[in-house]
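Visitor: File name run07.cif; file contents mmCIF, C-alpha atoms and all ligand atoms; full text below.
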data_final
loop_
_atom_site.label_atom_id
_atom_site.label_comp_id
_atom_site.auth_asym_id
_atom_site.auth_seq_id
_atom_site.Cartn_x
_atom_site.Cartn_y
_atom_site.Cartn_z
CA MET A 1198 175.17 124.07 293.28
CA LEU A 1199 172.92 126.82 291.99
CA ARG A 1200 174.84 129.33 289.97
CA ASN A 1201 176.32 131.75 292.46
CA LYS A 1202 175.61 135.25 291.25
CA GLN A 1203 176.63 138.57 292.71
CA GLN A 1204 173.29 139.92 291.68
CA TYR A 1205 170.12 138.11 290.64
CA ALA A 1206 167.21 139.21 288.53
CA GLN A 1207 163.99 138.70 290.40
CA ILE A 1208 160.48 138.61 288.95
CA THR A 1209 158.64 141.24 290.99
CA ALA A 1210 155.42 141.45 288.96
CA ILE A 1211 153.55 139.51 286.30
CA GLY A 1212 150.72 140.44 283.94
CA GLY A 1213 148.70 138.94 281.15
CA TYR A 1214 146.12 139.57 278.49
CA LEU A 1215 143.80 137.28 276.55
CA PRO A 1216 141.49 138.62 273.84
CA THR A 1217 137.78 138.31 274.60
CA THR A 1218 136.72 136.50 271.41
CA ARG A 1219 136.67 132.70 271.82
CA ARG A 1220 137.16 130.14 269.04
CA THR A 1221 135.54 127.00 270.42
CA ASN A 1222 135.75 123.41 269.22
CA ALA A 1223 132.16 123.83 268.02
CA ASP A 1224 133.37 126.73 265.81
CA LEU A 1225 136.09 124.46 264.39
CA GLU A 1226 133.55 121.72 263.68
CA ARG A 1227 131.89 124.23 261.36
CA LEU A 1228 135.19 125.26 259.71
CA SER A 1229 136.78 121.84 259.14
CA ASP A 1230 136.19 118.10 259.39
CA THR A 1231 136.85 117.64 263.09
CA SER A 1232 135.03 117.10 266.38
CA ASP A 1233 135.11 118.36 269.94
CA GLU A 1234 135.72 114.79 271.10
CA TRP A 1235 138.77 114.33 268.82
CA ILE A 1236 140.30 117.68 269.74
CA MET A 1237 139.82 117.19 273.50
CA LYS A 1238 141.23 113.67 273.39
CA ARG A 1239 144.27 114.52 271.23
CA THR A 1240 145.10 118.01 272.54
CA GLY A 1241 143.14 118.82 275.72
CA ILE A 1242 142.04 122.11 274.13
CA LYS A 1243 138.45 123.34 274.39
CA GLU A 1244 138.82 126.88 273.10
CA ARG A 1245 141.35 129.54 272.08
CA ARG A 1246 141.21 133.34 272.19
CA ILE A 1247 141.41 135.24 268.90
CA LEU A 1248 142.39 138.90 268.58
CA GLU A 1249 140.10 140.90 266.35
CA ASP A 1250 141.14 142.10 262.89
CA GLY A 1251 142.78 145.51 262.94
CA LEU A 1252 144.59 144.83 266.23
CA ALA A 1253 148.08 143.37 266.50
CA THR A 1254 150.58 141.73 268.83
CA SER A 1255 151.66 145.07 270.33
CA ASP A 1256 148.07 145.81 271.43
CA MET A 1257 147.97 142.64 273.54
CA ALA A 1258 151.46 143.29 274.93
CA VAL A 1259 150.44 146.81 275.96
CA GLU A 1260 147.38 145.42 277.79
CA ALA A 1261 149.54 142.82 279.58
CA ILE A 1262 152.04 145.46 280.72
CA LYS A 1263 149.26 147.80 281.86
CA GLU A 1264 147.58 144.96 283.77
CA LEU A 1265 150.90 144.16 285.46
CA CYS A 1266 151.47 147.80 286.42
CA ALA A 1267 147.95 148.22 287.79
CA THR A 1268 148.11 145.01 289.85
CA TYR A 1269 151.57 145.55 291.31
CA GLN A 1270 151.66 149.40 291.39
CA LYS A 1271 154.59 149.57 288.99
CA ASP A 1272 155.44 152.88 287.35
CA ILE A 1273 155.61 152.38 283.57
CA THR A 1274 157.94 155.38 283.20
CA THR A 1275 160.67 153.55 285.16
CA ILE A 1276 161.05 150.75 282.57
CA ASP A 1277 164.61 150.95 281.27
CA ALA A 1278 164.66 147.87 279.01
CA LEU A 1279 161.91 146.06 277.10
CA LEU A 1280 162.37 142.70 275.38
CA VAL A 1281 159.57 141.27 273.27
CA ALA A 1282 159.57 137.61 272.30
CA THR A 1283 157.30 137.14 269.29
CA SER A 1284 156.99 135.31 265.97
CA SER A 1285 154.15 137.56 264.84
CA PRO A 1286 155.49 141.11 265.03
CA ASP A 1287 153.11 143.92 264.03
CA MET A 1288 155.33 144.43 260.95
CA PRO A 1289 158.87 143.52 259.77
CA MET A 1290 160.14 146.86 261.05
CA PRO A 1291 160.26 148.68 263.31
CA SER A 1292 160.25 146.18 266.14
CA THR A 1293 157.08 145.45 268.07
CA ALA A 1294 159.04 146.63 271.12
CA ASN A 1295 159.36 150.06 269.49
CA ILE A 1296 155.64 150.14 268.77
CA ILE A 1297 154.90 149.23 272.39
CA CYS A 1298 157.23 152.02 273.57
CA ASP A 1299 155.27 154.46 271.42
CA LYS A 1300 151.94 153.29 272.83
CA LEU A 1301 153.24 153.56 276.41
CA ASP A 1302 154.98 156.91 275.81
CA LEU A 1303 158.39 155.43 276.64
CA THR A 1304 161.16 157.37 274.94
CA GLN A 1305 164.39 156.35 276.68
CA VAL A 1306 164.25 152.55 276.62
CA TRP A 1307 166.63 149.85 275.35
CA ALA A 1308 164.04 147.86 273.37
CA PHE A 1309 164.00 145.15 270.75
CA ASP A 1310 162.24 141.93 269.59
CA MET A 1311 163.57 138.42 269.60
CA ASN A 1312 162.22 135.49 267.66
CA ALA A 1313 162.81 132.04 269.06
CA ALA A 1314 159.25 130.86 268.27
CA CYS A 1315 157.63 129.03 271.19
CA SER A 1316 160.90 129.15 273.16
CA GLY A 1317 161.07 132.92 272.76
CA PHE A 1318 159.96 133.81 276.27
CA LEU A 1319 162.67 131.64 277.86
CA TYR A 1320 165.33 133.16 275.60
CA ALA A 1321 164.10 136.68 276.38
CA LEU A 1322 163.89 135.94 280.12
CA ASP A 1323 167.50 134.73 280.11
CA MET A 1324 168.64 137.86 278.29
CA GLY A 1325 166.53 140.15 280.47
CA ALA A 1326 167.97 138.50 283.58
CA ALA A 1327 171.50 138.96 282.21
CA LEU A 1328 170.84 142.68 281.66
CA VAL A 1329 169.79 143.04 285.30
CA GLU A 1330 172.71 140.94 286.56
CA THR A 1331 175.21 143.27 284.88
CA GLY A 1332 173.83 146.10 286.98
CA ARG A 1333 173.19 148.29 283.93
CA TYR A 1334 169.40 147.90 283.93
CA LYS A 1335 167.10 147.95 286.96
CA ASN A 1336 163.55 147.66 285.63
CA VAL A 1337 163.46 145.23 282.75
CA VAL A 1338 160.18 144.09 281.23
CA VAL A 1339 160.13 140.81 279.31
CA VAL A 1340 157.08 140.12 277.16
CA GLY A 1341 155.94 136.98 275.31
CA ALA A 1342 153.20 137.91 272.82
CA ASP A 1343 151.80 136.44 269.64
CA LYS A 1344 148.85 137.04 267.36
CA ILE A 1345 149.47 133.71 265.69
CA SER A 1346 145.89 133.57 264.40
CA SER A 1347 147.11 135.83 261.57
CA TYR A 1348 149.10 132.82 260.30
CA VAL A 1349 146.65 129.99 260.92
CA ASP A 1350 144.47 128.67 258.11
CA THR A 1351 141.10 128.37 259.87
CA THR A 1352 140.13 125.52 257.54
CA ASP A 1353 143.27 123.43 258.19
CA ARG A 1354 142.41 120.93 260.91
CA SER A 1355 146.04 119.97 261.45
CA THR A 1356 146.79 123.45 262.89
CA ASN A 1357 143.54 125.34 263.57
CA ILE A 1358 142.84 123.19 266.64
CA LEU A 1359 146.01 124.22 268.48
CA PHE A 1360 146.70 127.92 268.27
CA GLY A 1361 145.36 131.05 269.96
CA ASP A 1362 146.44 134.63 270.70
CA GLY A 1363 147.68 136.18 273.93
CA ALA A 1364 150.39 138.09 275.78
CA GLY A 1365 152.19 137.75 279.11
CA ALA A 1366 154.76 140.02 280.77
CA VAL A 1367 157.13 139.93 283.71
CA TRP A 1368 159.02 142.73 285.46
CA LEU A 1369 162.61 141.99 286.51
CA GLU A 1370 164.53 143.84 289.21
CA PRO A 1371 167.88 143.28 290.94
CA SER A 1372 168.14 141.26 294.15
CA LYS A 1373 171.12 140.16 296.23
CA GLU A 1374 169.37 136.97 297.32
CA THR A 1375 167.64 134.99 294.60
CA GLY A 1376 165.53 135.09 291.45
CA VAL A 1377 166.25 133.70 287.98
CA LEU A 1378 168.79 130.99 288.84
CA ASP A 1379 169.93 129.34 285.65
CA ALA A 1380 168.92 128.45 282.09
CA LEU A 1381 169.86 125.98 279.38
CA LEU A 1382 168.78 127.15 275.93
CA LEU A 1383 169.56 125.33 272.72
CA SER A 1384 168.71 125.35 269.03
CA ASP A 1385 169.52 123.64 265.76
CA GLY A 1386 168.18 123.99 262.24
CA LYS A 1387 167.19 120.40 261.75
CA GLY A 1388 163.56 121.12 262.48
CA ILE A 1389 162.99 123.88 259.92
CA GLU A 1390 161.03 121.72 257.52
CA TYR A 1391 158.75 120.34 260.24
CA LEU A 1392 157.45 123.64 261.61
CA ASN A 1393 157.49 126.96 259.78
CA ILE A 1394 155.74 129.95 258.28
CA LYS A 1395 157.52 130.45 254.97
CA GLY A 1396 155.92 133.58 253.54
CA GLY A 1397 156.41 137.25 254.25
CA GLY A 1398 160.16 137.13 254.78
CA SER A 1399 162.95 137.95 252.36
CA ARG A 1400 162.98 134.46 250.78
CA TYR A 1401 159.29 134.38 249.91
CA PRO A 1402 158.07 137.98 249.97
CA TYR A 1403 154.31 138.45 249.65
CA ALA A 1404 152.99 138.77 246.10
CA MET A 1405 156.20 137.42 244.53
CA GLU A 1406 155.86 135.57 241.25
CA ASN A 1407 154.60 131.98 241.69
CA TRP A 1408 153.45 132.79 245.21
CA ASP A 1409 152.35 129.59 246.91
CA SER A 1410 149.32 130.38 249.06
CA THR A 1411 150.35 127.82 251.70
CA HIS A 1412 153.39 130.03 252.40
CA ARG A 1413 151.02 132.38 254.19
CA TYR A 1414 150.20 129.86 256.87
CA LEU A 1415 151.89 127.97 259.67
CA GLN A 1416 152.75 124.46 258.45
CA GLN A 1417 153.84 121.57 260.62
CA ASP A 1418 154.37 117.85 260.76
CA GLY A 1419 152.55 117.36 264.06
CA LYS A 1420 153.92 113.91 264.82
CA VAL A 1421 157.58 114.89 264.32
CA VAL A 1422 157.10 118.05 266.37
CA PHE A 1423 155.33 116.12 269.12
CA LYS A 1424 158.11 113.52 269.52
CA ASN A 1425 160.93 116.06 269.39
CA ALA A 1426 159.14 118.36 271.84
CA VAL A 1427 158.78 115.65 274.49
CA THR A 1428 162.39 114.45 274.20
CA ALA A 1429 163.99 117.89 273.98
CA MET A 1430 162.05 119.45 276.87
CA SER A 1431 162.56 116.44 279.15
CA GLN A 1432 166.29 116.29 278.44
CA ALA A 1433 166.78 120.04 278.87
CA CYS A 1434 164.96 119.95 282.23
CA GLN A 1435 166.98 116.97 283.47
CA SER A 1436 170.31 118.47 282.35
CA LEU A 1437 169.51 121.80 283.99
CA LEU A 1438 168.54 120.10 287.25
CA ASP A 1439 171.70 117.94 287.12
CA GLN A 1440 174.00 120.88 286.51
CA ASN A 1441 172.51 122.61 289.55
CA GLY A 1442 172.68 119.57 291.82
CA LEU A 1443 168.89 119.36 292.03
CA THR A 1444 166.28 116.65 291.47
CA VAL A 1445 162.61 116.79 290.51
CA GLU A 1446 161.85 116.47 294.24
CA ASP A 1447 163.20 119.99 294.70
CA VAL A 1448 160.85 121.42 292.06
CA ASN A 1449 157.54 122.88 293.25
CA TRP A 1450 156.10 123.63 289.81
CA LEU A 1451 156.79 122.52 286.26
CA VAL A 1452 155.70 125.12 283.70
CA ALA A 1453 155.95 123.54 280.25
CA HIS A 1454 155.16 125.32 277.00
CA GLN A 1455 151.42 124.79 276.46
CA ALA A 1456 151.55 123.06 273.06
CA ASN A 1457 149.31 120.07 273.64
CA LYS A 1458 148.09 118.58 276.95
CA ARG A 1459 149.52 115.22 275.90
CA ILE A 1460 152.97 116.80 275.41
CA ILE A 1461 152.81 118.43 278.87
CA ASP A 1462 151.77 115.10 280.44
CA ALA A 1463 154.49 113.19 278.58
CA VAL A 1464 157.21 115.61 279.73
CA GLY A 1465 155.97 115.33 283.34
CA LYS A 1466 155.97 111.54 283.09
CA GLU A 1467 159.42 111.43 281.51
CA LEU A 1468 160.78 113.57 284.36
CA GLY A 1469 158.89 111.62 287.01
CA ILE A 1470 157.16 114.71 288.36
CA GLU A 1471 153.71 114.52 289.99
CA GLU A 1472 150.82 115.61 287.76
CA GLU A 1473 149.61 118.17 290.33
CA LYS A 1474 152.94 120.00 290.02
CA ALA A 1475 152.57 120.57 286.26
CA LEU A 1476 150.75 123.84 285.60
CA ASN A 1477 148.39 123.83 282.68
CA ASN A 1478 146.01 126.38 281.23
CA ILE A 1479 145.88 125.00 277.69
CA THR A 1480 142.20 124.00 277.83
CA TYR A 1481 140.94 127.56 277.54
CA SER A 1482 143.83 129.34 275.76
CA GLY A 1483 145.45 126.82 273.40
CA ASN A 1484 149.02 127.32 272.22
CA THR A 1485 149.78 131.06 272.33
CA ILE A 1486 153.41 130.56 271.11
CA ALA A 1487 155.76 132.89 273.08
CA ALA A 1488 152.99 133.83 275.52
CA THR A 1489 152.18 130.40 276.96
CA ILE A 1490 154.68 130.36 279.84
CA PRO A 1491 154.08 133.87 281.27
CA LEU A 1492 150.32 133.46 280.76
CA CYS A 1493 150.31 130.12 282.55
CA ILE A 1494 152.28 131.47 285.53
CA TRP A 1495 150.03 134.56 285.59
CA GLU A 1496 146.91 132.42 285.80
CA TYR A 1497 148.36 130.33 288.66
CA LYS A 1498 150.07 133.21 290.48
CA ASN A 1499 147.84 133.00 293.56
CA GLN A 1500 148.82 129.36 294.10
CA LEU A 1501 152.56 130.04 293.99
CA LYS A 1502 154.35 130.70 297.26
CA LYS A 1503 157.39 132.86 297.93
CA GLY A 1504 160.46 130.63 297.66
CA ASP A 1505 158.86 128.04 295.36
CA LEU A 1506 161.22 126.58 292.76
CA LEU A 1507 159.83 126.80 289.22
CA LEU A 1508 161.17 124.71 286.35
CA LEU A 1509 160.17 126.25 283.01
CA THR A 1510 160.59 124.49 279.69
CA ALA A 1511 159.73 125.24 276.06
CA PHE A 1512 160.13 123.88 272.56
CA GLY A 1513 159.41 125.46 269.21
CA ALA A 1514 160.24 126.05 265.57
CA GLY A 1515 163.88 125.77 264.54
CA PHE A 1516 163.96 123.62 266.51
CA SER A 1517 164.71 125.82 269.52
CA TRP A 1518 164.18 124.65 273.09
CA GLY A 1519 165.37 124.82 276.64
CA ALA A 1520 164.65 125.12 280.33
CA SER A 1521 164.97 127.74 283.07
CA LEU A 1522 165.03 127.56 286.84
CA LEU A 1523 163.76 130.36 289.01
CA GLN A 1524 162.78 131.00 292.56
CA TRP A 1525 159.41 132.72 292.95
CA ASN A 1526 159.61 135.89 295.01
CA ILE A 1527 156.25 137.59 294.82
N1 LIG B 1 140.12 116.25 263.65
C1 LIG B 1 139.78 114.97 263.37
N2 LIG B 1 140.67 114.07 262.89
C2 LIG B 1 141.94 114.50 262.68
C3 LIG B 1 142.34 115.83 262.94
C4 LIG B 1 141.37 116.72 263.44
N3 LIG B 1 141.66 118.00 263.75
N4 LIG B 1 143.65 115.96 262.64
C5 LIG B 1 144.07 114.76 262.20
N5 LIG B 1 143.02 113.88 262.22
C6 LIG B 1 143.03 112.45 261.86
C7 LIG B 1 144.16 112.11 260.90
O1 LIG B 1 143.75 112.26 259.56
C8 LIG B 1 144.45 110.68 261.27
O2 LIG B 1 143.46 109.85 260.66
P1 LIG B 1 143.86 108.39 260.13
O3 LIG B 1 144.28 107.61 261.35
O4 LIG B 1 142.58 107.90 259.55
O5 LIG B 1 144.97 108.60 259.15
C9 LIG B 1 144.20 110.63 262.77
O6 LIG B 1 143.30 111.71 263.06
C10 LIG B 1 145.44 110.77 263.60
O7 LIG B 1 146.16 111.92 263.12
P2 LIG B 1 147.57 112.34 263.73
O8 LIG B 1 148.12 113.47 262.93
O9 LIG B 1 148.38 111.09 263.87
O10 LIG B 1 147.13 112.85 265.18
P3 LIG B 1 148.05 113.18 266.40
O11 LIG B 1 147.64 112.37 267.55
O12 LIG B 1 149.51 113.22 266.05
O13 LIG B 1 147.59 114.68 266.74
C11 LIG B 1 148.40 116.93 266.58
C12 LIG B 1 147.84 115.72 265.82
C13 LIG B 1 147.35 117.39 267.58
C14 LIG B 1 148.72 118.05 265.61
C15 LIG B 1 149.66 116.48 267.35
O14 LIG B 1 150.53 115.77 266.47
C16 LIG B 1 150.42 117.61 267.97
O15 LIG B 1 149.92 118.30 268.85
N6 LIG B 1 151.70 117.84 267.59
C17 LIG B 1 152.51 118.87 268.13
C18 LIG B 1 152.24 120.12 267.38
C19 LIG B 1 152.77 121.35 268.09
O16 LIG B 1 152.86 121.37 269.30
N7 LIG B 1 153.12 122.39 267.33
C20 LIG B 1 153.56 123.62 267.86
C21 LIG B 1 154.93 123.50 268.45
S1 LIG B 1 155.47 124.92 269.14
C22 LIG B 1 155.81 126.13 268.00
O17 LIG B 1 156.94 126.56 267.87
C23 LIG B 1 154.75 126.63 267.12
#
Take the structure in the file and write it out as structure tokens.
Ligand code: ACO
Guide:
Amino acid sequence: MLRNKQQYAQITAIGGYLPTTRRTNADLERLSDTSDEWIMKRTGIKERRILEDGLATSDMAVEAIKELCATYQKDITTIDALLVATSSPDMPMPSTANIICDKLDLTQVWAFDMNAACSGFLYALDMGAALVETGRYKNVVVVGADKISSYVDTTDRSTNILFGDGAGAVWLEPSKETGVLDALLLSDGKGIEYLNIKGGGSRYPYAMENWDSTHRYLQQDGKVVFKNAVTAMSQACQSLLDQNGLTVEDVNWLVAHQANKRIIDAVGKELGIEEEKALNNITYSGNTIAATIPLCIWEYKNQLKKGDLLLLTAFGAGFSWGASLLQWNI
């Protein structure tokens, strides 16, 4: 049985923003020893969007929220809570959510950031939904945004092929009928060494003595991350379906974190879900960390029908991972 709630949080609007500058596979061929053929075959990525120097994560989030408001005639001044999932905040403090509030002239908002890496949007969506379900907040905006290009070594072919910048946002409102149905979110620390950005925090502050320049950049063991991502996302999806008495037949769309086309395909195969049901926009945006899921839904929004069941799943640094079930209501 789907979790029986007195009040649901429903997504009533969605917005997105991708920077205009493209980093193509041809650009990467000039920066490192790689090829368009290798990248397409191993990742399914053709190009990524890169935010220009001088702009930050909050700038993309603001554009996504404005796009949402313009498309769905939402009044920005009615936002009463703002949650921002990001691993690339504008600065350590204040929160990127605060900076967004300033840019949107919001002065009375419950706002903060959360970092659960690539799973951040699902964590923030679950929390945003819980805020609405309590009845205390009525117009909650959940953003996934990352300018991860600030942490990618453009000459490192093991990471430069994957990542791009972007932001996606959803607006949550109360409903007596349906909306965000359930979520299963998990994390452990066993993956820390396989995927991280070490520098800039309190352990390795910038410019400390013996500063290791690799601390500045995102480091990963791609193979370990790949295997764990497939297993963890598939298991989380299956457990969430089981605990709600559902099967993959009930699911209209699978929206997996856009990390690598082969990971998305492997999760679909593991679950036994038809390829046409798995949304994917990775070819022209790459892995935008916390933004992949809202951006992917945003790009497919005209194909989704009211009442469709969406199964979302993500995996990221930590490791942190999980799945969410929601009924589409726009
Ligand atoms: N171009 C050309 N050749 C390359 C490149 C490249 N960019 N990268 C590696 N190679 C070579 C390797 O040197 C190796 O050569 P060898 O066989 O002669 O030794 C060969 O290609 C195979 O390398 P692998 O690392 O085994 O390639 P793999 O198929 O695993 O693909 C990749 C690498 C794309 C990084 C993949 O492992 C992956 O996508 N992993 C998941 C990473 C990920 O999703 N990270 C983000 C998670 S979410 C978050 O929280 C940030």
Visitor: Which residues come within 12 Å of A:Tyr1320, counting only C-alpha atoms, excluding same-chain residues fewer than 2 positions away, as JSON, numbers by chain?
Guide: {"A": [1280, 1281, 1282, 1283, 1310, 1311, 1312, 1313, 1314, 1315, 1316, 1317, 1318, 1322, 1323, 1324, 1325, 1326, 1327, 1339, 1340, 1341, 1379, 1380, 1381, 1382, 1383, 1384, 1487, 1490, 1509, 1510, 1511, 1512, 1513, 1517, 1518, 1519, 1520, 1521]}
Visitor: Give the residue list for ligand LIG 1 (chain B) at 8 Å, counting all atoms listed in the file, as a ChimeraX atom specification, sorted by chain and then by residue number.
Guide: /A:1229-1232,1235-1236,1239-1240,1314-1316,1353-1359,1392-1393,1417-1424,1426,1454,1456-1457,1459-1460,1484,1486,1512-1517
Visitor: From the list A:Asp1343, A:Glu1226, A:Asp1256, A:Glu1264, which residue is nearest A:Thr1489 when using all atoms listed in the file?
Guide: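 The closest residue to A:Thr1489 is A:Asp1343.
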Visitor: Nearest residue to A:Gln1440 out of A:Ala1308, A:Lys1502, A:Leu1378, A:Ser1346, using all atoms listed in the file?
Guide: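 Closest residue, counting all atoms listed in the file: A:Leu1378.
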Visitor: State, in Å with one decimal place, the distance from atom CA of A:Gln1203 to atom CA of A:Gly1442.
Guide: 19.4 Å
Visitor: At what distance in Å, to one decimal, does atom CA of A:Asp1287 lie from atom CA of A:Lys1300?
Guide: 12.9 Å
Visitor: Hey, can you check how far atom CA of A:Glu1390 sits from atom CA of A:Val1452?
Guide: 26.9 Å
Visitor: With stretch 1461-1478 of chain A as the partner and 12 Å as the cut-off, tabulate the residues of stretch 1207-1316 of chain A that qualify, each row holding the nearest pair of atoms and their distance in Å to one decimal, using all atoms listed in the file, sorted by chain and rising number, as JSON lines.
Guide:
{"residue": "A:Arg1239", "atom": "CA", "partner": "A:Asp1462", "partner_atom": "CA", "distance": 11.9}
{"residue": "A:Thr1240", "atom": "CA", "partner": "A:Ile1461", "partner_atom": "CA", "distance": 10.0}
{"residue": "A:Gly1241", "atom": "CA", "partner": "A:Asn1478", "partner_atom": "CA", "distance": 9.8}
{"residue": "A:Ile1242", "atom": "CA", "partner": "A:Asn1478", "partner_atom": "CA", "distance": 9.2}
{"residue": "A:Lys1243", "atom": "CA", "partner": "A:Asn1478", "partner_atom": "CA", "distance": 10.6}
{"residue": "A:Glu1244", "atom": "CA", "partner": "A:Asn1478", "partner_atom": "CA", "distance": 10.9}
{"residue": "A:Arg1245", "atom": "CA", "partner": "A:Asn1478", "partner_atom": "CA", "distance": 10.7}
Visitor: Which polymer residues, protein or nucleic acid, are no farther than 10 Å from (151.5, 126.7, 252.5), counting all atoms listed in the file, as JSON, numbers by chain?
Guide: {"A": [1350, 1393, 1394, 1395, 1396, 1408, 1409, 1410, 1411, 1412, 1413, 1414, 1415, 1416, 1417]}
Visitor: Would you put the residues from that selection into a file with C-alpha atoms, as a PDB file, in the coordinates of the input?
Guide:
ATOM      1  CA  ASP A1350     144.470 128.670 258.110  1.00  0.00           C
ATOM      2  CA  ASN A1393     157.490 126.960 259.780  1.00  0.00           C
ATOM      3  CA  ILE A1394     155.740 129.950 258.280  1.00  0.00           C
ATOM      4  CA  LYS A1395     157.520 130.450 254.970  1.00  0.00           C
ATOM      5  CA  GLY A1396     155.920 133.580 253.540  1.00  0.00           C
ATOM      6  CA  TRP A1408     153.450 132.790 245.210  1.00  0.00           C
ATOM      7  CA  ASP A1409     152.350 129.590 246.910  1.00  0.00           C
ATOM      8  CA  SER A1410     149.320 130.380 249.060  1.00  0.00           C
ATOM      9  CA  THR A1411     150.350 127.820 251.700  1.00  0.00           C
ATOM     10  CA  HIS A1412     153.390 130.030 252.400  1.00  0.00           C
ATOM     11  CA  ARG A1413     151.020 132.380 254.190  1.00  0.00           C
ATOM     12  CA  TYR A1414     150.200 129.860 256.870  1.00  0.00           C
ATOM     13  CA  LEU A1415     151.890 127.970 259.670  1.00  0.00           C
ATOM     14  CA  GLN A1416     152.750 124.460 258.450  1.00  0.00           C
ATOM     15  CA  GLN A1417     153.840 121.570 260.620  1.00  0.00           C
TER      16      GLN A1417
END
Visitor: Given all atoms listed in the file as the basis, pick out the residue of A:Ile1247, A:Ala1253, A:Pro1291, A:Ile1494 nearest to A:Leu1507.
Guide: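 Among A:Ile1247, A:Ala1253, A:Pro1291, A:Ile1494, it is A:Ile1494 that comes nearest to A:Leu1507.
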Visitor: Given only C-alpha atoms as the basis, pick out the residue of A:Cys1434, A:Val1329, A:Ala1364, A:Met1290 nearest to A:Leu1248.
Guide: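 For A:Leu1248, the nearest of the candidates is A:Ala1364.
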Visitor: Could you check which of A:Ser1347, A:Gln1305, A:Gln1204, A:Asn1526 is closest to A:Gly1397, using all atoms listed in the file?
Guide: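 For A:Gly1397, the nearest of the candidates is A:Ser1347.
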Visitor: List the spatial neighbours of A:Lys1373 as a list in words - criterion: any atom at most 9 Å away, only C-alpha atoms, same-chain residues fewer than 2 positions off excluded.
Guide: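 Contacts, with the query itself left out: Lys1202, Gln1203, Gln1204, Tyr1205, Ala1206, Pro1371, Thr1375 and Gly1376 of chain A.
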Visitor: When you count all atoms listed in the file, which of these residues is closest to A:Lys1503: A:Val1367, A:Ser1255, A:Ile1527, A:Gly1483?
Guide: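 Among A:Val1367, A:Ser1255, A:Ile1527, A:Gly1483, it is A:Ile1527 that comes nearest to A:Lys1503.
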Visitor: Would you list the residues near (153.3, 143.9, 291.2), meaning any protein, DNA or RNA residue with an atom at most 6 Å from that point in file coordinates, counting all atoms listed in the file, as a PyMOL selection string?
Guide: chain A and resi 1209-1210+1268-1270
